[in-house]
>>> print(open('start-v6.txt').read())   # compact mmCIF, C-alpha atoms
# COMPACT_ATOMS: atom_id res chain seq x y z
CA MET A 1 0.00 0.00 0.00
CA THR A 2 1.23 3.50 -0.79
CA CYS A 3 2.18 5.84 2.04
CA PHE A 4 1.14 8.87 -0.01
CA THR A 5 -2.20 10.40 -0.94
CA LEU A 6 -2.15 12.86 -3.84
CA GLU A 7 -4.96 15.34 -3.21
CA ALA A 8 -4.56 18.08 -5.82
CA THR A 9 -2.39 19.18 -8.71
CA ASP A 10 -1.92 22.49 -10.47
CA GLY A 11 0.31 22.04 -13.46
CA ALA A 12 3.22 19.95 -12.16
CA ALA A 13 2.80 21.24 -8.59
CA ARG A 14 1.27 18.75 -6.13
CA ALA A 15 -0.50 18.84 -2.77
CA GLY A 16 -0.91 15.67 -0.75
CA THR A 17 -0.19 13.81 2.46
CA VAL A 18 2.58 11.41 3.48
CA HIS A 19 1.30 8.90 6.03
CA THR A 20 3.64 7.65 8.78
CA VAL A 21 3.19 5.82 12.07
CA HIS A 22 3.88 9.06 13.96
CA GLY A 23 1.42 11.17 12.00
CA ASP A 24 0.65 12.67 8.63
CA ILE A 25 2.86 15.10 6.73
CA PRO A 26 0.92 17.59 4.55
CA THR A 27 2.85 18.34 1.38
CA PRO A 28 4.57 20.35 0.04
CA ALA A 29 6.56 20.06 3.29
CA PHE A 30 9.77 21.63 4.53
CA MET A 31 11.72 19.52 7.04
CA PRO A 32 13.74 21.49 9.62
CA VAL A 33 17.12 19.86 10.17
CA GLY A 34 17.80 18.46 13.61
CA THR A 35 21.17 16.93 12.71
CA LYS A 36 21.89 15.57 16.19
CA ALA A 37 18.23 14.89 17.08
CA THR A 38 17.53 18.54 17.92
CA VAL A 39 16.82 21.69 15.93
CA LYS A 40 19.49 23.92 17.43
CA THR A 41 18.35 26.29 20.24
CA LEU A 42 14.68 25.26 19.97
CA HIS A 43 12.33 23.14 22.08
CA PRO A 44 10.45 20.49 20.03
CA GLN A 45 7.12 22.14 20.83
CA GLU A 46 8.44 25.46 19.52
CA VAL A 47 9.47 23.73 16.29
CA ARG A 48 5.97 22.24 16.02
CA GLU A 49 4.42 25.69 16.55
CA THR A 50 6.32 27.12 13.56
CA GLY A 51 4.27 24.76 11.38
CA ALA A 52 6.69 21.83 11.12
CA ALA A 53 5.11 18.39 10.71
CA VAL A 54 8.38 16.45 10.30
CA ILE A 55 12.05 16.94 11.15
CA LEU A 56 15.25 15.44 9.77
CA ALA A 57 18.00 13.81 11.84
CA ASN A 58 21.34 12.51 10.61
CA SER A 59 22.50 8.92 10.91
CA TYR A 60 26.20 9.79 10.51
CA HIS A 61 26.33 12.11 13.50
CA LEU A 62 24.00 10.04 15.70
CA HIS A 63 25.98 6.89 14.91
CA PHE A 64 29.08 8.49 16.42
CA ARG A 65 27.45 10.54 19.17
CA PRO A 66 25.72 9.05 21.18
CA GLY A 67 25.35 5.85 19.10
CA GLU A 68 22.34 4.00 17.78
CA GLU A 69 22.60 1.36 20.52
CA LEU A 70 22.05 3.94 23.26
CA ILE A 71 19.19 5.62 21.38
CA GLU A 72 17.49 2.27 20.82
CA GLU A 73 17.92 1.38 24.50
CA LEU A 74 16.21 4.63 25.49
CA GLY A 75 13.18 4.01 23.28
CA GLY A 76 14.27 5.27 19.86
CA LEU A 77 14.66 8.74 18.41
CA HIS A 78 11.18 9.97 19.30
CA ALA A 79 11.43 9.15 23.00
CA PHE A 80 15.08 10.20 23.11
CA SER A 81 14.57 13.62 21.50
CA GLY A 82 11.10 14.57 22.72
CA TRP A 83 9.80 15.05 19.16
CA ASN A 84 6.61 13.00 18.81
CA GLY A 85 5.98 13.65 15.12
CA PRO A 86 7.48 12.03 12.01
CA ILE A 87 11.28 11.90 11.71
CA LEU A 88 13.27 11.32 8.52
CA THR A 89 16.85 10.11 8.91
CA ASP A 90 19.48 10.84 6.28
CA SER A 91 21.78 7.89 5.62
CA GLY A 92 24.97 9.84 6.29
CA GLY A 93 26.19 9.29 2.74
CA PHE A 94 26.29 13.01 2.01
CA GLN A 95 28.50 13.59 5.04
CA VAL A 96 30.88 10.76 4.13
CA PHE A 97 31.38 11.93 0.57
CA SER A 98 31.38 15.68 1.22
CA LEU A 99 34.03 15.35 3.96
CA ARG A 100 36.50 14.20 1.32
CA ASP A 101 39.59 14.57 3.46
CA THR A 102 38.20 11.82 5.73
CA LEU A 103 37.45 9.41 2.87
CA LEU A 104 39.71 6.33 2.79
CA HIS A 105 38.26 3.84 0.32
CA VAL A 106 35.10 3.20 -1.73
CA ASP A 107 34.21 -0.16 -3.22
CA ASP A 108 31.08 -2.01 -4.24
CA GLY A 109 30.62 -3.23 -0.67
CA GLY A 110 30.60 0.18 0.99
CA VAL A 111 32.74 3.14 2.01
CA THR A 112 35.57 3.40 4.57
CA PHE A 113 36.31 6.76 6.16
CA ARG A 114 37.64 8.45 9.27
CA SER A 115 35.19 9.80 11.84
CA VAL A 116 35.00 13.57 11.83
CA TYR A 117 34.94 13.39 15.64
CA ASP A 118 38.09 11.44 16.51
CA GLY A 119 39.68 10.31 13.24
CA VAL A 120 39.06 6.63 13.92
CA ALA A 121 38.36 4.59 10.79
CA ASP A 122 34.80 3.35 10.31
CA ARG A 123 32.87 1.77 7.46
CA PHE A 124 29.35 2.27 6.14
CA THR A 125 27.72 -0.50 4.13
CA PRO A 126 24.20 -0.46 2.70
CA ALA A 127 23.00 -3.08 5.17
CA GLY A 128 24.86 -1.43 8.03
CA VAL A 129 23.29 1.98 7.42
CA ALA A 130 19.85 0.39 7.14
CA GLU A 131 20.47 -1.27 10.51
CA ILE A 132 21.55 2.02 12.11
CA GLN A 133 18.29 3.60 10.97
CA ARG A 134 16.25 0.60 12.12
CA ARG A 135 17.71 0.99 15.59
CA LEU A 136 17.15 4.75 15.56
CA GLY A 137 13.48 4.05 14.81
CA SER A 138 12.87 6.87 12.34
CA ASP A 139 9.68 7.02 10.28
CA ILE A 140 11.50 7.48 6.96
CA ALA A 141 14.95 5.99 6.33
CA MET A 142 17.07 7.10 3.39
CA CYS A 143 19.25 4.72 1.41
CA LEU A 144 23.03 4.98 1.47
CA ASP A 145 24.10 6.51 -1.84
CA ILE A 146 27.10 8.18 -3.45
CA CYS A 147 26.79 11.95 -3.91
CA PRO A 148 29.55 13.39 -6.14
CA PRO A 149 30.21 17.14 -6.27
CA ALA A 150 28.88 19.07 -9.25
CA HIS A 151 32.37 19.38 -10.76
CA ALA A 152 32.92 15.61 -10.77
CA THR A 153 33.76 13.98 -14.11
CA ARG A 154 31.15 12.09 -16.08
CA GLU A 155 32.95 8.87 -15.20
CA GLU A 156 32.62 9.69 -11.49
CA HIS A 157 28.91 10.44 -11.90
CA GLU A 158 28.43 7.22 -13.87
CA ASP A 159 30.16 5.20 -11.17
CA ALA A 160 28.03 6.92 -8.51
CA VAL A 161 24.87 5.94 -10.40
CA ARG A 162 26.02 2.34 -10.72
CA ARG A 163 26.98 1.94 -7.06
CA THR A 164 23.91 3.82 -5.81
CA THR A 165 21.68 1.35 -7.66
CA LEU A 166 23.75 -1.61 -6.44
CA TRP A 167 23.50 -0.41 -2.83
CA ALA A 168 19.79 0.42 -3.16
CA GLY A 169 19.10 -3.17 -4.18
CA GLN A 170 20.74 -4.33 -0.94
CA GLN A 171 18.60 -2.00 1.18
CA ILE A 172 15.11 -2.36 -0.27
CA ASP A 173 14.36 -5.50 1.78
CA ALA A 174 16.63 -4.82 4.76
CA PRO A 175 15.02 -5.07 8.23
CA ARG A 176 13.10 -1.97 9.29
CA ALA A 177 11.69 -0.47 12.45
CA PRO A 178 7.90 -1.01 12.79
CA GLY A 179 6.17 1.01 10.08
CA GLN A 180 9.43 2.52 8.85
CA LEU A 181 9.36 3.77 5.26
CA ARG A 182 12.43 3.63 3.04
CA PHE A 183 13.21 6.10 0.25
CA GLY A 184 15.55 5.50 -2.67
CA ILE A 185 17.81 8.20 -4.07
CA ALA A 186 18.52 8.93 -7.74
CA GLN A 187 21.88 10.39 -8.71
CA GLY A 188 23.34 11.51 -12.05
CA GLY A 189 24.05 15.20 -11.52
CA THR A 190 22.64 17.35 -14.31
CA ASP A 191 23.54 14.78 -17.00
CA PRO A 192 20.22 13.85 -18.69
CA GLU A 193 21.27 10.33 -19.65
CA LEU A 194 22.73 9.41 -16.26
CA ARG A 195 19.92 11.05 -14.27
CA ARG A 196 17.24 9.28 -16.32
CA ARG A 197 19.06 5.97 -15.97
CA SER A 198 19.36 6.37 -12.22
CA ILE A 199 15.69 7.31 -11.80
CA GLU A 200 14.59 4.33 -13.88
CA GLU A 201 16.76 1.91 -11.89
CA ILE A 202 15.80 3.24 -8.45
CA VAL A 203 12.09 3.50 -9.22
CA ALA A 204 12.07 -0.10 -10.51
CA LEU A 205 13.06 -1.32 -7.03
CA GLY A 206 9.76 -0.08 -5.58
CA PHE A 207 10.72 2.15 -2.66
CA ASP A 208 8.07 3.89 -0.55
CA GLY A 209 9.30 7.24 -1.85
CA ASN A 210 12.04 8.60 -4.07
CA ALA A 211 14.54 11.43 -3.77
CA LEU A 212 16.54 13.49 -6.21
CA GLY A 213 20.04 13.58 -4.74
CA GLY A 214 23.23 15.08 -6.10
CA LEU A 215 21.69 18.48 -6.91
CA ALA A 216 22.25 21.86 -5.24
CA VAL A 217 25.83 20.71 -4.64
CA GLY A 218 27.61 23.39 -6.64
CA GLU A 219 25.89 23.61 -10.01
CA SER A 220 24.20 26.86 -11.01
CA ARG A 221 20.69 27.63 -9.83
CA ALA A 222 19.49 27.58 -13.44
CA GLU A 223 21.02 24.12 -14.05
CA MET A 224 19.49 22.78 -10.86
CA LEU A 225 15.97 24.03 -11.58
CA GLU A 226 16.12 22.92 -15.22
CA THR A 227 17.11 19.41 -14.12
CA VAL A 228 14.36 19.20 -11.50
CA GLU A 229 11.75 20.39 -13.99
CA TRP A 230 12.30 17.41 -16.29
CA ALA A 231 13.44 14.87 -13.67
CA ALA A 232 10.69 15.18 -11.04
CA PRO A 233 7.89 14.14 -13.44
CA LEU A 234 9.82 10.90 -14.13
CA LEU A 235 9.25 9.84 -10.51
CA PRO A 236 6.08 7.85 -9.67
CA THR A 237 3.01 10.01 -9.11
CA ASP A 238 1.76 7.81 -6.26
CA ARG A 239 4.92 8.09 -4.11
CA PRO A 240 6.44 11.07 -2.25
CA ARG A 241 9.12 13.04 -4.12
CA TYR A 242 11.96 14.48 -2.06
CA PHE A 243 14.56 17.08 -3.05
CA MET A 244 17.56 16.84 -0.73
CA GLY A 245 19.03 20.08 0.59
CA LEU A 246 17.09 23.23 -0.33
CA GLY A 247 15.73 25.94 1.95
CA ASP A 248 15.51 29.39 0.35
CA VAL A 249 12.30 31.02 -0.88
CA GLU A 250 13.15 31.03 -4.59
CA GLY A 251 14.40 27.45 -4.54
CA ILE A 252 11.42 26.13 -2.59
CA ILE A 253 8.96 27.74 -4.98
CA GLY A 254 10.93 26.41 -7.95
CA VAL A 255 10.97 22.76 -6.85
CA ILE A 256 7.32 22.84 -5.77
CA ALA A 257 6.46 24.09 -9.25
CA ALA A 258 8.35 21.10 -10.69
CA GLY A 259 6.36 18.59 -8.63
CA ILE A 260 8.53 18.04 -5.53
CA ASP A 261 6.72 17.19 -2.28
CA MET A 262 9.42 17.35 0.42
CA PHE A 263 12.67 19.25 0.99
CA ASP A 264 15.06 20.02 3.83
CA CYS A 265 17.90 22.39 4.62
CA VAL A 266 19.86 23.80 7.56
CA LEU A 267 19.79 27.24 5.90
CA PRO A 268 16.88 28.81 7.88
CA THR A 269 18.33 27.93 11.28
CA ARG A 270 21.99 28.33 10.34
CA ASN A 271 21.29 31.78 8.89
CA ALA A 272 19.50 32.66 12.12
CA ARG A 273 22.55 31.74 14.18
CA THR A 274 24.66 34.14 12.12
CA GLY A 275 22.18 36.99 12.59
CA THR A 276 20.33 36.72 9.28
CA ALA A 277 16.55 36.83 9.01
CA MET A 278 14.68 35.45 6.02
CA THR A 279 11.81 37.61 4.77
CA MET A 280 9.50 37.48 1.79
CA THR A 281 11.52 40.29 0.20
CA GLY A 282 14.93 38.74 0.78
CA ARG A 283 17.45 38.27 3.54
CA MET A 284 18.14 40.76 6.31
CA ASN A 285 21.55 40.87 8.00
CA LEU A 286 20.71 42.27 11.41
CA ARG A 287 24.34 43.07 12.17
CA ASN A 288 23.97 45.92 9.68
CA ALA A 289 23.92 49.37 11.30
CA ARG A 290 20.89 50.37 9.26
CA TYR A 291 18.69 48.47 11.74
CA ALA A 292 20.13 50.06 14.92
CA ARG A 293 17.13 52.38 15.39
CA ASP A 294 14.55 50.55 13.32
CA PRO A 295 11.33 50.15 15.37
CA ARG A 296 9.58 47.90 12.86
CA PRO A 297 9.16 44.13 13.19
CA LEU A 298 11.26 41.90 10.95
CA GLU A 299 8.26 41.46 8.68
CA GLU A 300 4.86 43.11 8.83
CA GLY A 301 2.02 40.61 9.22
CA CYS A 302 4.25 37.78 10.47
CA GLY A 303 2.83 36.05 13.53
CA CYS A 304 6.08 34.56 14.87
CA PRO A 305 7.35 35.38 18.38
CA ALA A 306 10.12 37.59 16.98
CA CYS A 307 7.79 39.76 14.91
CA THR A 308 4.94 40.01 17.38
CA GLY A 309 7.08 41.00 20.35
CA PHE A 310 10.24 42.77 19.24
CA SER A 311 11.68 45.43 16.95
CA ARG A 312 14.47 45.05 14.44
CA ALA A 313 16.54 47.34 16.67
CA PHE A 314 16.19 45.06 19.69
CA LEU A 315 16.85 41.92 17.65
CA ARG A 316 19.97 43.55 16.24
CA HIS A 317 21.08 44.35 19.79
CA LEU A 318 20.61 40.70 20.81
CA VAL A 319 22.54 39.45 17.79
CA ASN A 320 25.43 41.85 18.22
CA GLN A 321 25.68 40.99 21.91
CA ASN A 322 25.60 37.26 21.12
CA GLU A 323 22.53 36.78 23.28
CA ILE A 324 20.98 33.32 22.90
CA LEU A 325 17.48 34.83 22.81
CA GLY A 326 18.36 36.57 19.54
CA LEU A 327 19.45 33.33 17.88
CA ARG A 328 16.33 31.55 19.13
CA LEU A 329 13.98 34.29 17.93
CA LEU A 330 15.56 34.44 14.48
CA SER A 331 15.42 30.64 14.22
CA LEU A 332 11.72 30.69 15.06
CA HIS A 333 11.10 33.48 12.56
CA ASN A 334 12.96 31.78 9.71
CA LEU A 335 11.17 28.47 10.25
CA TRP A 336 7.85 30.29 10.61
CA LEU A 337 8.42 31.98 7.25
CA VAL A 338 9.35 28.78 5.42
CA HIS A 339 6.33 26.90 6.80
CA ARG A 340 4.03 29.84 6.00
CA LEU A 341 5.41 29.70 2.44
CA THR A 342 4.76 25.96 2.04
CA ALA A 343 1.28 26.26 3.58
CA GLY A 344 0.49 29.06 1.13
CA ALA A 345 1.73 26.91 -1.74
CA ARG A 346 -0.50 24.00 -0.61
CA ASP A 347 -3.54 26.25 -0.49
CA ALA A 348 -2.74 27.75 -3.89
CA ILE A 349 -2.36 24.31 -5.48
CA ARG A 350 -5.67 23.16 -4.04
CA CYS A 351 -7.35 26.31 -5.35
CA GLY A 352 -5.72 26.05 -8.78
CA VAL A 353 -3.90 29.39 -8.49
CA PHE A 354 -0.32 28.25 -7.88
CA ASP A 355 1.08 30.16 -10.88
CA ASP A 356 -0.31 33.39 -9.43
CA PHE A 357 1.06 32.53 -6.00
CA ARG A 358 4.47 31.76 -7.47
CA ALA A 359 4.59 34.97 -9.49
CA ALA A 360 3.53 37.10 -6.53
CA THR A 361 6.09 35.45 -4.25
CA LEU A 362 9.01 35.80 -6.64
CA SER A 363 8.13 39.36 -7.62
CA GLY A 364 8.67 40.52 -4.06
CA LEU A 365 12.18 39.11 -3.67
CA THR A 366 15.13 41.51 -3.63
CA ARG A 367 18.04 40.85 -5.94
CA ASP A 368 20.57 42.55 -3.66
CA PRO A 369 23.39 39.95 -3.58
CA GLN A 370 24.36 41.05 -0.06
CA GLU A 371 20.87 40.41 1.26
CA ASP A 372 19.67 37.48 -0.83
CA SER A 373 22.21 34.77 -1.61
CA TRP A 374 20.68 31.43 -2.65
CA MET A 375 23.47 29.18 -1.39
CA HIS A 376 22.25 26.32 0.79
CA PHE A 377 23.99 24.10 3.29
CA ARG A 378 23.67 20.58 4.67
CA SER A 379 25.12 19.32 7.94
>>> encode(input="start-v6.txt", output="structure tokens")
Amino acid sequence: MTCFTLEATDGAARAGTVHTVHGDIPTPAFMPVGTKATVKTLHPQEVRETGAAVILANSYHLHFRPGEELIEELGGLHAFSGWNGPILTDSGGFQVFSLRDTLLHVDDGGVTFRSVYDGVADRFTPAGVAEIQRRLGSDIAMCLDICPPAHATREEHEDAVRRTTLWAGQQIDAPRAPGQLRFGIAQGGTDPELRRRSIEEIVALGFDGNALGGLAVGESRAEMLETVEWAAPLLPTDRPRYFMGLGDVEGIIGVIAAGIDMFDCVLPTRNARTGTAMTMTGRMNLRNARYARDPRPLEEGCGCPACTGFSRAFLRHLVNQNEILGLRLLSLHNLWLVHRLTAGARDAIRCGVFDDFRAATLSGLTRDPQEDSWMHFRS
């Protein structure tokens, strides 16, 4: 049985619901990143109140600190972290392959690398990563894949596609936590032939959902969006579609328009911790002196705790004095904005006016490169 209900479409854009044992996820859905089982500086209830239905945790980091055995002993990720809604766990593959100076050896059986924590050699195999996620007890477990950088050669991308399919075949029937869903990941960069081949091979295995990996890793924004526009429709219509690692307004609107259902990024909360607020007109660096006497809220009409209780001037003061309250308030605001954006997109799709919603959203964005950079990050 499918874990996804498609409820409305408007062009390629989709609105639906992902069903998990810890609750439903209305889509399109942004997943705040709680790399180490917590969204930094925020209580789980505060994260829920921003509009989040699901969070992401990372198998790589949790494997090393505190370890999947301890988390399983204490009742699994939900009991351990205090988040009672759906949790998606990344496989850790992105971390292994992006931390290239720790990489020791890759073969068809898995990948050997040095821990970023203590330098001790460890090895991830497809079955081993599936077992880590089983013990963590997440609702959605991602397959171990190979994610090359955008500048990789075609031969490197081709080898990543081959091994990702090989590893996916070893994970599709691996033991799972009760009710745990497993998503496959398609690679191939922006190469049409390799990307189509990878999608075809991964989809044929019959995962509960499918992700487009290996994008937003250094290619241009135009290349990324162009690839998603033709690649997303190749994924099954009756399964969730996940874009890995995207969290800015323009990017979110772009992938929703292409038919993506889920996406994650550390950008909203990481930006907050550096004093940057996301708004519907662009990004606001509160360290800038222009806000020193500004009595306005971050964004008019925003109902988040930062905007309803404090001025830009006070928030700037908190940021410049490294007060934890400032980082917390900006984190809440940025997540509030992203979830308000996705909720608006859902409503627009259901009402058949997504193109108007998209145009209105994008028309308000600033193009000041100092205030509105699109670069994203993953932990």
>>> closest_residue(input="start-v6.txt", among="A:Gly309, A:Gly119, A:Pro297, A:Gly247", to="Phe64 in chain A", atoms="only C-alpha atoms")
A:Gly119
>>> atom_distance(input="start-v6.txt", atom1="CA of Ser138 in chain A", atom2="CA of Ala272 in chain A")
26.6 Å
>>> closest_residue(input="start-v6.txt", among="A:Leu56, A:Val249, A:Ile349, A:Ala211", to="Thr27 in chain A", atoms="all atoms listed in the file")
A:Ile349
>>> residues_near_point(input="start-v6.txt", point="(28.3, -0.3, -2.6)", cutoff="10 Å", atoms="all atoms listed in the file", output="list in words")
Val106, Asp107, Asp108, Gly109, Gly110, Val111, Phe124, Thr125, Pro126, Ala127, Leu144, Asp145, Ile146, Ala160, Arg162, Arg163, Thr164, Thr165, Leu166, Trp167, Ala168, Gly169 and Gln170 of chain A
>>> closest_residue(input="start-v6.txt", among="A:Ala222, A:Leu298, A:Leu365, A:Ile140", to="Gly282 in chain A", atoms="all atoms listed in the file")
A:Leu365
>>> closest_residue(input="start-v6.txt", among="A:Pro268, A:Gly301, A:Pro28, A:Gly23", to="Gly254 in chain A", atoms="only C-alpha atoms")
A:Pro28
>>> atom_distance(input="start-v6.txt", atom1="CA of Glu7 in chain A", atom2="CA of Pro236 in chain A")
14.8 Å
>>> closest_residue(input="start-v6.txt", among="A:Arg290, A:Ala174, A:Leu194, A:Tyr60", to="Arg123 in chain A", atoms="all atoms listed in the file")
A:Tyr60
>>> atom_distance(input="start-v6.txt", atom1="CA of Cys304 in chain A", atom2="CA of Gly326 in chain A")
13.3 Å
>>> closest_residue(input="start-v6.txt", among="A:Phe310, A:Ala130, A:Leu362, A:His339", to="Asp173 in chain A", atoms="all atoms listed in the file")
A:Ala130
>>> residues_around(input="start-v6.txt", residues="Arg340 in chain A", least_positions_apart="4", cutoff="8 Å", atoms="all atoms listed in the file", output="number ranges by chain")
A: 51, 336, 344
>>> residues_around(input="start-v6.txt", residues="Leu99 in chain A", least_positions_apart="4", cutoff="12 Å", atoms="all atoms listed in the file", output="PyMOL selection string")
chain A and resi 60+92-95+103-104+113-117+119+147-149+378-379
>>> write_last_selection(input="start-v6.txt", atoms="C-alpha atoms", output="JSON list (two decimals), in the coordinates of the input")
[["chain", "number", "residue", "atom", "x", "y", "z"],
["A", 60, "TYR", "CA", 26.20, 9.79, 10.51],
["A", 92, "GLY", "CA", 24.97, 9.84, 6.29],
["A", 93, "GLY", "CA", 26.19, 9.29, 2.74],
["A", 94, "PHE", "CA", 26.29, 13.01, 2.01],
["A", 95, "GLN", "CA", 28.50, 13.59, 5.04],
["A", 103, "LEU", "CA", 37.45, 9.41, 2.87],
["A", 104, "LEU", "CA", 39.71, 6.33, 2.79],
["A", 113, "PHE", "CA", 36.31, 6.76, 6.16],
["A", 114, "ARG", "CA", 37.64, 8.45, 9.27],
["A", 115, "SER", "CA", 35.19, 9.80, 11.84],
["A", 116, "VAL", "CA", 35.00, 13.57, 11.83],
["A", 117, "TYR", "CA", 34.94, 13.39, 15.64],
["A", 119, "GLY", "CA", 39.68, 10.31, 13.24],
["A", 147, "CYS", "CA", 26.79, 11.95, -3.91],
["A", 148, "PRO", "CA", 29.55, 13.39, -6.14],
["A", 149, "PRO", "CA", 30.21, 17.14, -6.27],
["A", 378, "ARG", "CA", 23.67, 20.58, 4.67],
["A", 379, "SER", "CA", 25.12, 19.32, 7.94]]
>>> residues_around(input="start-v6.txt", residues="Leu6 in chain A", least_positions_apart="3", cutoff="7 Å", atoms="all atoms listed in the file", output="list in words")
Ala15, Gly16, Thr17 and Asp238 of chain A
>>> residues_near_point(input="start-v6.txt", point="(1.7, 28.8, 0.5)", cutoff="12 Å", atoms="only C-alpha atoms", output="ChimeraX atom specification")
/A:13,15,26-30,51,249,252-253,256-257,280,336-351,353-358,360-361
>>> residues_around(input="start-v6.txt", residues="Ser59 in chain A", least_positions_apart="4", cutoff="8 Å", atoms="only C-alpha atoms", output="ChimeraX atom specification")
/A:63,89-92,129,132-133
>>> residues_around(input="start-v6.txt", residues="Ile25 in chain A", least_positions_apart="3", cutoff="7 Å", atoms="all atoms listed in the file", output="list in words")
Thr17, Val18, His19, Ala53 and Val54 of chain A
>>> axis_aligned_box(input="start-v6.txt", around="range 314-324 of chain A", padding_each_side="3 Å", output="lines of an AutoDock Vina configuration file")
center_x = 20.9
center_y = 39.2
center_z = 19.8
size_x = 15.5
size_y = 17.7
size_z = 13.0
